[in-house]
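One file, upload-v2.cif, carrying mmCIF, C-alpha atoms:
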data_structure
loop_
_atom_site.group_PDB
_atom_site.id
_atom_site.type_symbol
_atom_site.label_atom_id
_atom_site.label_comp_id
_atom_site.auth_asym_id
_atom_site.auth_seq_id
_atom_site.Cartn_x
_atom_site.Cartn_y
_atom_site.Cartn_z
ATOM 1 C CA MET A 1051 -47.201 113.099 54.924
ATOM 2 C CA SER A 1052 -50.210 111.257 53.531
ATOM 3 C CA ALA A 1053 -50.569 107.501 53.774
ATOM 4 C CA ARG A 1054 -50.092 107.105 50.021
ATOM 5 C CA ALA A 1055 -46.912 109.209 49.991
ATOM 6 C CA LEU A 1056 -45.584 107.279 52.968
ATOM 7 C CA ALA A 1057 -46.276 103.984 51.206
ATOM 8 C CA ILE A 1058 -44.428 105.207 48.095
ATOM 9 C CA VAL A 1059 -41.411 106.311 50.150
ATOM 10 C CA ARG A 1060 -41.399 103.011 52.047
ATOM 11 C CA ALA A 1061 -41.543 101.006 48.821
ATOM 12 C CA ALA A 1062 -38.760 103.083 47.238
ATOM 13 C CA LEU A 1063 -36.519 102.616 50.257
ATOM 14 C CA MET A 1064 -37.237 98.900 50.346
ATOM 15 C CA TRP A 1065 -36.416 98.397 46.667
ATOM 16 C CA THR A 1066 -33.282 100.555 46.858
ATOM 17 C CA ALA A 1067 -32.002 98.674 49.890
ATOM 18 C CA SER A 1068 -32.850 95.338 48.273
ATOM 19 C CA VAL A 1069 -30.940 96.191 45.082
ATOM 20 C CA LEU A 1070 -27.887 97.396 47.012
ATOM 21 C CA VAL A 1071 -27.801 94.383 49.322
ATOM 22 C CA LEU A 1072 -28.413 91.969 46.441
ATOM 23 C CA THR A 1073 -25.541 93.563 44.519
ATOM 24 C CA VAL A 1074 -23.227 93.077 47.502
ATOM 25 C CA ALA A 1075 -24.355 89.466 47.830
ATOM 26 C CA VAL A 1076 -23.752 88.708 44.137
ATOM 27 C CA LEU A 1077 -20.298 90.306 44.168
ATOM 28 C CA ALA A 1078 -19.307 88.450 47.338
ATOM 29 C CA PHE A 1079 -20.574 85.153 45.922
ATOM 30 C CA VAL A 1080 -18.686 85.616 42.636
ATOM 31 C CA VAL A 1081 -15.399 86.442 44.382
ATOM 32 C CA SER A 1082 -15.749 83.580 46.852
ATOM 33 C CA PHE A 1083 -16.848 81.236 44.037
ATOM 34 C CA GLU A 1084 -13.684 81.918 42.053
ATOM 35 C CA ALA A 1085 -11.408 81.552 45.067
ATOM 36 C CA ILE A 1086 -12.914 78.272 46.266
ATOM 37 C CA SER A 1087 -13.134 76.711 42.805
ATOM 38 C CA ASP A 1088 -9.534 77.684 41.986
ATOM 39 C CA PHE A 1089 -8.276 76.354 45.325
ATOM 40 C CA ALA A 1090 -10.139 73.054 44.858
ATOM 41 C CA VAL A 1091 -8.402 72.496 41.534
ATOM 42 C CA GLN A 1092 -4.980 73.557 42.873
ATOM 43 C CA VAL A 1093 -5.016 71.022 45.702
ATOM 44 C CA GLY A 1094 -6.422 68.300 43.444
ATOM 45 C CA ALA A 1095 -9.703 67.937 45.328
ATOM 46 C CA PHE A 1096 -11.788 68.431 42.164
ATOM 47 C CA PRO A 1097 -10.967 68.057 38.480
ATOM 48 C CA PRO A 1098 -11.127 71.232 36.389
ATOM 49 C CA SER A 1099 -14.376 70.076 34.794
ATOM 50 C CA LEU A 1100 -16.068 70.019 38.225
ATOM 51 C CA ARG A 1101 -14.409 73.088 39.731
ATOM 52 C CA TYR A 1102 -17.771 74.814 40.120
ATOM 53 C CA CYS A 1103 -19.041 72.111 42.515
ATOM 54 C CA ALA A 1104 -16.760 73.087 45.399
ATOM 55 C CA PRO A 1105 -18.074 76.656 45.952
ATOM 56 C CA LEU A 1106 -21.669 75.551 45.406
ATOM 57 C CA LEU A 1107 -21.291 72.903 48.092
ATOM 58 C CA VAL A 1108 -20.013 75.553 50.523
ATOM 59 C CA ASP A 1109 -21.623 78.942 49.895
ATOM 60 C CA SER A 1110 -25.010 77.602 48.822
ATOM 61 C CA PHE A 1111 -25.589 76.278 52.345
ATOM 62 C CA THR A 1112 -25.586 79.856 53.643
ATOM 63 C CA ALA A 1113 -28.419 80.931 51.347
ATOM 64 C CA ALA A 1114 -30.371 77.659 51.715
ATOM 65 C CA ALA A 1115 -30.237 77.600 55.515
ATOM 66 C CA THR A 1116 -31.187 81.284 55.691
ATOM 67 C CA LEU A 1117 -34.262 80.618 53.548
ATOM 68 C CA VAL A 1118 -35.231 77.832 55.959
ATOM 69 C CA ILE A 1119 -34.980 80.266 58.862
ATOM 70 C CA LEU A 1120 -37.140 82.750 56.930
ATOM 71 C CA TRP A 1121 -39.781 80.080 56.367
ATOM 72 C CA LEU A 1122 -39.712 79.075 60.034
ATOM 73 C CA SER A 1123 -40.142 82.694 61.131
ATOM 74 C CA LEU A 1124 -43.237 82.997 58.928
ATOM 75 C CA THR A 1125 -44.852 79.942 60.505
ATOM 76 C CA GLY A 1126 -45.175 81.824 63.802
ATOM 77 C CA GLU A 1127 -43.073 79.374 65.801
ATOM 78 C CA PRO A 1128 -40.552 81.056 68.161
ATOM 79 C CA ILE A 1129 -37.167 80.857 66.445
ATOM 80 C CA ALA A 1130 -35.221 80.804 69.730
ATOM 81 C CA THR A 1131 -36.859 77.518 70.808
ATOM 82 C CA ALA A 1132 -37.149 75.806 67.407
ATOM 83 C CA TRP A 1133 -34.676 72.961 66.946
ATOM 84 C CA ASP A 1134 -34.977 73.329 63.161
ATOM 85 C CA ALA A 1135 -33.855 76.949 63.396
ATOM 86 C CA TRP A 1136 -30.849 76.057 65.531
ATOM 87 C CA TYR A 1137 -29.848 73.401 62.997
ATOM 88 C CA ALA A 1138 -30.147 75.931 60.176
ATOM 89 C CA TRP A 1139 -28.054 78.450 62.120
ATOM 90 C CA ALA A 1140 -25.418 75.750 62.701
ATOM 91 C CA LEU A 1141 -25.279 75.105 58.944
ATOM 92 C CA ILE A 1142 -24.860 78.823 58.264
ATOM 93 C CA ALA A 1143 -22.043 79.096 60.803
ATOM 94 C CA ALA A 1144 -20.280 75.980 59.495
ATOM 95 C CA ALA A 1145 -20.572 77.010 55.828
ATOM 96 C CA THR A 1146 -19.311 80.504 56.575
ATOM 97 C CA CYS A 1147 -16.324 79.190 58.568
ATOM 98 C CA VAL A 1148 -15.394 76.742 55.806
ATOM 99 C CA SER A 1149 -15.740 79.443 53.171
ATOM 100 C CA VAL A 1150 -13.547 81.845 55.154
ATOM 101 C CA ALA A 1151 -10.915 79.139 55.709
ATOM 102 C CA ILE A 1152 -10.718 78.221 52.006
ATOM 103 C CA ASN A 1153 -10.648 81.848 50.876
ATOM 104 C CA VAL A 1154 -7.836 82.597 53.337
ATOM 105 C CA ALA A 1155 -5.897 79.465 52.300
ATOM 106 C CA HIS A 1156 -6.182 80.479 48.650
ATOM 107 C CA ALA A 1157 -4.818 83.975 49.311
ATOM 108 C CA PRO A 1158 -1.100 84.862 49.050
ATOM 109 C CA ASP A 1159 0.975 84.278 52.153
ATOM 110 C CA THR A 1160 0.621 87.780 53.636
ATOM 111 C CA ASP A 1161 -1.565 89.054 56.472
ATOM 112 C CA ALA A 1162 -3.115 91.777 54.328
ATOM 113 C CA ALA A 1163 -4.046 89.353 51.551
ATOM 114 C CA ARG A 1164 -5.568 86.900 54.001
ATOM 115 C CA LEU A 1165 -7.556 89.659 55.681
ATOM 116 C CA VAL A 1166 -8.983 90.808 52.363
ATOM 117 C CA ALA A 1167 -9.674 87.212 51.314
ATOM 118 C CA ALA A 1168 -11.869 86.697 54.385
ATOM 119 C CA VAL A 1169 -14.131 89.595 53.419
ATOM 120 C CA PRO A 1170 -16.244 87.983 50.607
ATOM 121 C CA PRO A 1171 -17.728 85.049 52.598
ATOM 122 C CA ILE A 1172 -18.481 87.309 55.566
ATOM 123 C CA ALA A 1173 -20.008 89.928 53.248
ATOM 124 C CA LEU A 1174 -22.115 87.201 51.634
ATOM 125 C CA LEU A 1175 -23.426 86.077 55.018
ATOM 126 C CA LEU A 1176 -24.285 89.632 56.113
ATOM 127 C CA ALA A 1177 -25.917 90.468 52.774
ATOM 128 C CA VAL A 1178 -28.078 87.336 52.799
ATOM 129 C CA GLU A 1179 -29.192 88.069 56.359
ATOM 130 C CA LEU A 1180 -30.094 91.643 55.394
ATOM 131 C CA LEU A 1181 -32.150 90.353 52.485
ATOM 132 C CA MET A 1182 -33.993 88.002 54.822
ATOM 133 C CA ILE A 1183 -34.706 90.864 57.230
ATOM 134 C CA LEU A 1184 -36.178 92.893 54.363
ATOM 135 C CA ALA A 1185 -38.219 89.897 53.216
ATOM 136 C CA ARG A 1186 -39.594 89.267 56.716
ATOM 137 C CA ARG A 1187 -40.553 92.924 57.134
ATOM 138 C CA CYS A 1188 -42.224 93.100 53.734
ATOM 139 C CA LEU A 1189 -44.145 89.868 54.204
ATOM 140 C CA ALA A 1190 -45.240 90.875 57.698
ATOM 141 C CA HIS A 1191 -46.375 94.303 56.470
ATOM 142 C CA SER A 1192 -48.259 92.929 53.465
ATOM 143 C CA GLY A 1193 -49.852 90.186 55.558
ATOM 144 C CA ALA A 1194 -51.005 92.486 58.358
ATOM 145 C CA PRO A 1195 -54.800 92.804 58.368
ATOM 146 C CA GLN A 1196 -56.015 96.259 57.487
ATOM 147 C CA ALA A 1197 -58.654 97.659 59.796
ATOM 148 C CA GLN A 1198 -61.830 98.264 57.868
ATOM 149 C CA PRO A 1199 -64.474 100.620 59.213
ATOM 150 C CA THR A 1200 -67.686 98.895 60.236
ATOM 151 C CA ALA A 1201 -70.715 99.891 58.230
ATOM 152 C CA LEU A 1202 -73.026 102.481 59.705
ATOM 153 C CA HIS A 1203 -76.211 101.470 61.427
ATOM 154 C CA PRO A 1204 -79.226 102.365 59.218
ATOM 155 C CA HIS A 1205 -80.412 104.854 61.837
ATOM 156 C CA THR A 1206 -77.006 106.549 61.855
ATOM 157 C CA THR A 1207 -77.014 106.685 58.050
ATOM 158 C CA ALA A 1208 -80.425 108.312 58.085
ATOM 159 C CA LEU A 1209 -79.197 110.924 60.530
ATOM 160 C CA ALA A 1210 -76.175 111.733 58.374
ATOM 161 C CA ASP A 1211 -78.151 111.889 55.140
ATOM 162 C CA GLY A 1212 -81.184 113.773 56.306
ATOM 163 C CA MET A 1213 -79.993 116.705 58.420
ATOM 164 C CA GLY A 1214 -76.918 118.232 56.768
ATOM 165 C CA ALA A 1215 -74.360 119.502 59.278
ATOM 166 C CA GLU A 1216 -76.588 118.653 62.219
ATOM 167 C CA GLY A 1217 -77.060 115.176 60.823
ATOM 168 C CA VAL A 1218 -73.288 114.714 60.614
ATOM 169 C CA ARG A 1219 -72.902 115.739 64.254
ATOM 170 C CA ALA A 1220 -75.679 113.376 65.267
ATOM 171 C CA ALA A 1221 -74.116 110.534 63.291
ATOM 172 C CA VAL A 1222 -70.699 111.105 64.878
ATOM 173 C CA ALA A 1223 -72.310 111.276 68.310
ATOM 174 C CA GLU A 1224 -73.987 107.930 67.725
ATOM 175 C CA LEU A 1225 -70.745 106.390 66.479
ATOM 176 C CA VAL A 1226 -68.951 107.573 69.619
ATOM 177 C CA ALA A 1227 -71.775 106.207 71.754
ATOM 178 C CA GLN A 1228 -71.401 102.817 70.051
ATOM 179 C CA GLU A 1229 -67.638 102.959 70.611
ATOM 180 C CA GLN A 1230 -68.049 103.751 74.289
ATOM 181 C CA ALA A 1231 -70.672 101.011 74.662
ATOM 182 C CA GLY A 1232 -68.210 98.481 73.270
ATOM 183 C CA THR A 1233 -70.280 97.598 70.198
ATOM 184 C CA ARG A 1234 -67.787 99.257 67.838
ATOM 185 C CA PRO A 1235 -63.950 99.179 67.922
ATOM 186 C CA HIS A 1236 -61.921 102.317 68.565
ATOM 187 C CA LEU A 1237 -62.607 104.869 65.858
ATOM 188 C CA THR A 1238 -60.093 106.976 63.980
ATOM 189 C CA GLY A 1239 -60.680 110.235 62.173
ATOM 190 C CA ASN A 1240 -60.179 108.523 58.822
ATOM 191 C CA GLN A 1241 -62.766 105.854 59.625
ATOM 192 C CA VAL A 1242 -65.345 108.372 60.832
ATOM 193 C CA ALA A 1243 -64.785 110.493 57.729
ATOM 194 C CA ALA A 1244 -65.396 107.467 55.502
ATOM 195 C CA LEU A 1245 -68.477 106.384 57.430
ATOM 196 C CA VAL A 1246 -70.168 109.756 57.765
ATOM 197 C CA GLY A 1247 -69.022 111.315 54.511
ATOM 198 C CA VAL A 1248 -67.048 114.319 55.769
ATOM 199 C CA LYS A 1249 -63.427 115.407 55.504
ATOM 200 C CA GLU A 1250 -60.967 113.744 57.841
ATOM 201 C CA ARG A 1251 -60.051 117.057 59.486
ATOM 202 C CA ARG A 1252 -63.709 117.656 60.359
ATOM 203 C CA ALA A 1253 -64.013 114.135 61.763
ATOM 204 C CA GLN A 1254 -60.897 114.648 63.910
ATOM 205 C CA VAL A 1255 -62.509 117.763 65.398
ATOM 206 C CA LEU A 1256 -65.829 116.084 66.122
ATOM 207 C CA LEU A 1257 -64.416 112.890 67.654
ATOM 208 C CA PRO A 1258 -62.792 114.429 70.755
ATOM 209 C CA GLU A 1259 -65.735 116.794 71.130
ATOM 210 C CA PHE A 1260 -68.202 113.964 71.580
ATOM 211 C CA ARG A 1261 -65.785 111.705 73.458
ATOM 212 C CA THR A 1262 -65.263 114.302 76.156
ATOM 213 C CA GLY A 1263 -68.850 115.528 76.085
ATOM 214 C CA LYS A 1264 -67.722 119.166 75.835
ATOM 215 C CA GLU A 1265 -69.679 120.140 72.751
ATOM 216 C CA PRO A 1266 -71.263 123.631 72.748
ATOM 217 C CA SER A 1267 -74.556 123.687 74.618
ATOM 218 C CA HIS A 1268 -75.958 126.429 72.399
ATOM 219 C CA ARG A 1269 -75.832 126.839 68.643
ATOM 220 C CA ASN A 1270 -77.370 129.926 67.013
ATOM 221 C CA GLY A 1271 -78.960 130.759 70.339
ATOM 222 C CA ILE A 1272 -80.950 127.550 70.513
ATOM 223 C CA PRO A 1273 -80.229 125.106 73.358
ATOM 224 C CA ARG A 1274 -78.985 121.747 72.082
ATOM 225 C CA THR A 1275 -78.850 118.353 73.626
ATOM 226 C CA ARG A 1276 -76.145 115.776 72.932
ATOM 227 C CA GLY A 1277 -76.445 114.334 69.456
ATOM 228 C CA GLY A 1278 -78.127 117.421 68.003
ATOM 229 C CA ASN A 1279 -81.694 116.693 69.216
#
Would you write the structure of this file as structure tokens?
Amino acid sequence: MSARALAIVRAALMWTASVLVLTVAVLAFVVSFEAISDFAVQVGAFPPSLRYCAPLLVDSFTAAATLVILWLSLTGEPIATAWDAWYAWALIAAATCVSVAINVAHAPDTDAARLVAAVPPIALLLAVELLMILARRCLAHSGAPQAQPTALHPHTTALADGMGAEGVRAAVAELVAQEQAGTRPHLTGNQVAALVGVKERRAQVLLPEFRTGKEPSHRNGIPRTRGGN
């Protein structure tokens, strides 16, 4: 699979997973919102005009604290030793426990109803965490530096341009020599193909040939030295 096709598949999977998880999160929030707001009015904790405040004060902490953890993870600081992260995790745990307790208290007085009532806040927590995992992966992937091939030395360019197939071999030989001397980072077939101007398959054949030094010693009956001279 080519790099472009792989990128398309990765993007499609990421967007599909994001839509599914976001849908679960919205549904869980709506169900929990209705249960908490209705319970707050029933017990007289909030007037009907402010019924929406109760669920926002509970479930919103889960999303807000998770976003804080996402931001902390992007700063590069180890999450396991960051006091801020532990505080955010404590808020998530407390908000989820309160949400579960209110949803269960609002449910009818049966074990089955209470079990089902506990599902929305837990589903909301899991969905938000999945979204944060996707966000971290996407941001890390998009922020990763892409290795760019170093420009050819003028002498290497002259070899590649002036001698056809032999010039390509000489140019690859010089690139490998620079790699082995430590003046050039490790080369890939794609980088050599871009630098020398050949197909990637041809570059992948030439690279190991010159790295191992096992190139043919004769070509068309004429002795050759390394690099085509």
Inset, instruction - List the residues selected by the PyMOL selection byres ((chain A and resi 1156) around 8) in the file shown, writing them as an NGL selection string. - result: :A and (1085-1086 or 1088-1089 or 1152-1155 or 1157-1158)
Name all residues at most 9 Å from Leu1120 of chain A (count all atoms listed in the file; drop same-chain ones fewer than 6 positions away) and give them as a compact mmCIF listing (two decimals) with C-alpha atoms, in the coordinates of the input.
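So out.txt came out as:
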# COMPACT_ATOMS: atom_id res chain seq x y z
CA MET A 1182 -33.99 88.00 54.82
CA ILE A 1183 -34.71 90.86 57.23
CA ALA A 1185 -38.22 89.90 53.22
CA ARG A 1186 -39.59 89.27 56.72
Padding 3 Å on every side, please: axis-aligned box over the listed atoms of segment 1251-1263 of chain A, centre and edge lengths to one decimal in Å, as JSON.
{"center_x": -64.5, "center_y": 114.7, "center_z": 67.8, "size_x": 14.8, "size_y": 12.1, "size_z": 22.7}
Legend entry - Atomic distance atom CA of Ala1173 of chain A - atom CA of Ala1078 of chain A, expressed in Å with one decimal: 6.1 Å
Legend entry - Which residue of A:Leu1256, A:Ala1114, A:Ala1067, A:Leu1106 approaches Ala1215 of chain A most closely, using only C-alpha atoms: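 Checking each candidate against Ala1215 of chain A, we get A:Leu1256 as the closest.
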Legend entry - Atomic distance atom CA of Ala1253 of chain A - atom CA of Ala1227 of chain A, expressed in Å with one decimal: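 Computing the Euclidean distance for atom CA of Ala1253 of chain A and atom CA of Ala1227 of chain A yields 14.9 Å.
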Inset, instruction - Could you tell me how far atom CA of Gly1217 of chain A lies from atom CA of Ala1244 of chain A, in Å and to one decimal? - result: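 For atom CA of Gly1217 of chain A relative to atom CA of Ala1244 of chain A, the distance reads 15.0 Å.
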Legend entry - Best match for closeness to Glu1084 of chain A among A:Ala1055, A:Ala1177, A:Ala1104, A:Val1069, counting only C-alpha atoms: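 Closest to Glu1084 of chain A of all the choices is A:Ala1104.
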Legend entry - Residue nearest Gln1228 of chain A among A:Lys1249, A:Cys1188, A:Arg1261, A:Ala1168 (counting all atoms listed in the file):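 When distances to Gln1228 of chain A are compared using all atoms listed in the file, the smallest one comes from A:Arg1261.
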Inset, instruction - Go through A:Ser1087, A:Ala1062, A:Ala1140, A:Ala1151 one by one, measure the shortest atom-to-atom distance of each to Leu1100 of chain A using only C-alpha atoms, and give the residue with the smallest value. - result: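 Closest to Leu1100 of chain A, using only C-alpha atoms: A:Ser1087.
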Inset, instruction - Compare A:Ile1142, A:Val1242, A:Leu1122, A:Leu1063 by their minimum atom-to-atom distance to Val1178 of chain A, counting all atoms listed in the file, and give me the closest one. - result: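 Under the stated criterion, the closest residue is A:Ile1142.
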Inset, instruction - Return the single residue from A:Glu1224, A:Glu1179, A:Glu1229, A:Glu1259 that is closest to Val1071 of chain A, with distances computed using all atoms listed in the file. - result: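 Among A:Glu1224, A:Glu1179, A:Glu1229, A:Glu1259, it is A:Glu1179 that comes nearest to Val1071 of chain A.
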N, CA, C and O atoms restored at segment 1055-1076 of chain A, emitted as a PDB file, keeping the file's coordinate frame:
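What ended up in out17.pdb:
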ATOM      1  N   ALA A1055     -48.299 108.759  50.160  1.00  0.00           N
ATOM      2  CA  ALA A1055     -46.912 109.209  49.991  1.00  0.00           C
ATOM      3  C   ALA A1055     -45.969 108.393  50.859  1.00  0.00           C
ATOM      4  O   ALA A1055     -44.860 108.034  50.443  1.00  0.00           O
ATOM      5  N   LEU A1056     -46.415 108.091  52.079  1.00  0.00           N
ATOM      6  CA  LEU A1056     -45.584 107.279  52.968  1.00  0.00           C
ATOM      7  C   LEU A1056     -45.371 105.884  52.403  1.00  0.00           C
ATOM      8  O   LEU A1056     -44.268 105.328  52.477  1.00  0.00           O
ATOM      9  N   ALA A1057     -46.407 105.313  51.810  1.00  0.00           N
ATOM     10  CA  ALA A1057     -46.276 103.984  51.206  1.00  0.00           C
ATOM     11  C   ALA A1057     -45.309 104.010  50.027  1.00  0.00           C
ATOM     12  O   ALA A1057     -44.519 103.078  49.835  1.00  0.00           O
ATOM     13  N   ILE A1058     -45.344 105.085  49.236  1.00  0.00           N
ATOM     14  CA  ILE A1058     -44.428 105.207  48.095  1.00  0.00           C
ATOM     15  C   ILE A1058     -42.985 105.321  48.576  1.00  0.00           C
ATOM     16  O   ILE A1058     -42.078 104.675  48.045  1.00  0.00           O
ATOM     17  N   VAL A1059     -42.764 106.152  49.611  1.00  0.00           N
ATOM     18  CA  VAL A1059     -41.411 106.311  50.150  1.00  0.00           C
ATOM     19  C   VAL A1059     -40.915 104.992  50.732  1.00  0.00           C
ATOM     20  O   VAL A1059     -39.761 104.593  50.528  1.00  0.00           O
ATOM     21  N   ARG A1060     -41.789 104.294  51.457  1.00  0.00           N
ATOM     22  CA  ARG A1060     -41.399 103.011  52.047  1.00  0.00           C
ATOM     23  C   ARG A1060     -41.039 102.000  50.968  1.00  0.00           C
ATOM     24  O   ARG A1060     -40.043 101.269  51.094  1.00  0.00           O
ATOM     25  N   ALA A1061     -41.830 101.940  49.904  1.00  0.00           N
ATOM     26  CA  ALA A1061     -41.543 101.006  48.821  1.00  0.00           C
ATOM     27  C   ALA A1061     -40.236 101.358  48.114  1.00  0.00           C
ATOM     28  O   ALA A1061     -39.448 100.467  47.776  1.00  0.00           O
ATOM     29  N   ALA A1062     -39.999 102.667  47.901  1.00  0.00           N
ATOM     30  CA  ALA A1062     -38.760 103.083  47.238  1.00  0.00           C
ATOM     31  C   ALA A1062     -37.538 102.727  48.076  1.00  0.00           C
ATOM     32  O   ALA A1062     -36.524 102.237  47.555  1.00  0.00           O
ATOM     33  N   LEU A1063     -37.633 102.961  49.371  1.00  0.00           N
ATOM     34  CA  LEU A1063     -36.519 102.616  50.257  1.00  0.00           C
ATOM     35  C   LEU A1063     -36.279 101.107  50.278  1.00  0.00           C
ATOM     36  O   LEU A1063     -35.127 100.643  50.265  1.00  0.00           O
ATOM     37  N   MET A1064     -37.368 100.356  50.306  1.00  0.00           N
ATOM     38  CA  MET A1064     -37.237  98.900  50.346  1.00  0.00           C
ATOM     39  C   MET A1064     -36.570  98.366  49.086  1.00  0.00           C
ATOM     40  O   MET A1064     -35.649  97.543  49.151  1.00  0.00           O
ATOM     41  N   TRP A1065     -36.993  98.869  47.918  1.00  0.00           N
ATOM     42  CA  TRP A1065     -36.416  98.397  46.667  1.00  0.00           C
ATOM     43  C   TRP A1065     -34.960  98.847  46.517  1.00  0.00           C
ATOM     44  O   TRP A1065     -34.117  98.075  46.027  1.00  0.00           O
ATOM     45  N   THR A1066     -34.661 100.075  46.939  1.00  0.00           N
ATOM     46  CA  THR A1066     -33.282 100.555  46.858  1.00  0.00           C
ATOM     47  C   THR A1066     -32.363  99.718  47.743  1.00  0.00           C
ATOM     48  O   THR A1066     -31.276  99.289  47.320  1.00  0.00           O
ATOM     49  N   ALA A1067     -32.802  99.481  48.974  1.00  0.00           N
ATOM     50  CA  ALA A1067     -32.002  98.674  49.890  1.00  0.00           C
ATOM     51  C   ALA A1067     -31.846  97.251  49.367  1.00  0.00           C
ATOM     52  O   ALA A1067     -30.762  96.656  49.452  1.00  0.00           O
ATOM     53  N   SER A1068     -32.913  96.707  48.797  1.00  0.00           N
ATOM     54  CA  SER A1068     -32.850  95.338  48.273  1.00  0.00           C
ATOM     55  C   SER A1068     -31.855  95.236  47.128  1.00  0.00           C
ATOM     56  O   SER A1068     -31.068  94.282  47.061  1.00  0.00           O
ATOM     57  N   VAL A1069     -31.869  96.219  46.221  1.00  0.00           N
ATOM     58  CA  VAL A1069     -30.940  96.191  45.082  1.00  0.00           C
ATOM     59  C   VAL A1069     -29.499  96.308  45.556  1.00  0.00           C
ATOM     60  O   VAL A1069     -28.607  95.581  45.101  1.00  0.00           O
ATOM     61  N   LEU A1070     -29.248  97.222  46.507  1.00  0.00           N
ATOM     62  CA  LEU A1070     -27.887  97.396  47.012  1.00  0.00           C
ATOM     63  C   LEU A1070     -27.380  96.133  47.710  1.00  0.00           C
ATOM     64  O   LEU A1070     -26.252  95.677  47.468  1.00  0.00           O
ATOM     65  N   VAL A1071     -28.218  95.573  48.583  1.00  0.00           N
ATOM     66  CA  VAL A1071     -27.801  94.383  49.322  1.00  0.00           C
ATOM     67  C   VAL A1071     -27.636  93.197  48.381  1.00  0.00           C
ATOM     68  O   VAL A1071     -26.691  92.402  48.515  1.00  0.00           O
ATOM     69  N   LEU A1072     -28.531  93.069  47.408  1.00  0.00           N
ATOM     70  CA  LEU A1072     -28.413  91.969  46.441  1.00  0.00           C
ATOM     71  C   LEU A1072     -27.138  92.110  45.613  1.00  0.00           C
ATOM     72  O   LEU A1072     -26.472  91.109  45.303  1.00  0.00           O
ATOM     73  N   THR A1073     -26.789  93.344  45.267  1.00  0.00           N
ATOM     74  CA  THR A1073     -25.541  93.563  44.519  1.00  0.00           C
ATOM     75  C   THR A1073     -24.328  93.129  45.336  1.00  0.00           C
ATOM     76  O   THR A1073     -23.413  92.466  44.822  1.00  0.00           O
ATOM     77  N   VAL A1074     -24.325  93.498  46.622  1.00  0.00           N
ATOM     78  CA  VAL A1074     -23.227  93.077  47.502  1.00  0.00           C
ATOM     79  C   VAL A1074     -23.168  91.558  47.591  1.00  0.00           C
ATOM     80  O   VAL A1074     -22.080  90.957  47.532  1.00  0.00           O
ATOM     81  N   ALA A1075     -24.322  90.927  47.720  1.00  0.00           N
ATOM     82  CA  ALA A1075     -24.355  89.466  47.830  1.00  0.00           C
ATOM     83  C   ALA A1075     -23.830  88.798  46.566  1.00  0.00           C
ATOM     84  O   ALA A1075     -23.062  87.826  46.630  1.00  0.00           O
ATOM     85  N   VAL A1076     -24.215  89.292  45.404  1.00  0.00           N
ATOM     86  CA  VAL A1076     -23.752  88.708  44.137  1.00  0.00           C
ATOM     87  C   VAL A1076     -22.246  88.878  43.987  1.00  0.00           C
ATOM     88  O   VAL A1076     -21.531  87.939  43.605  1.00  0.00           O
TER      89      VAL A1076
END
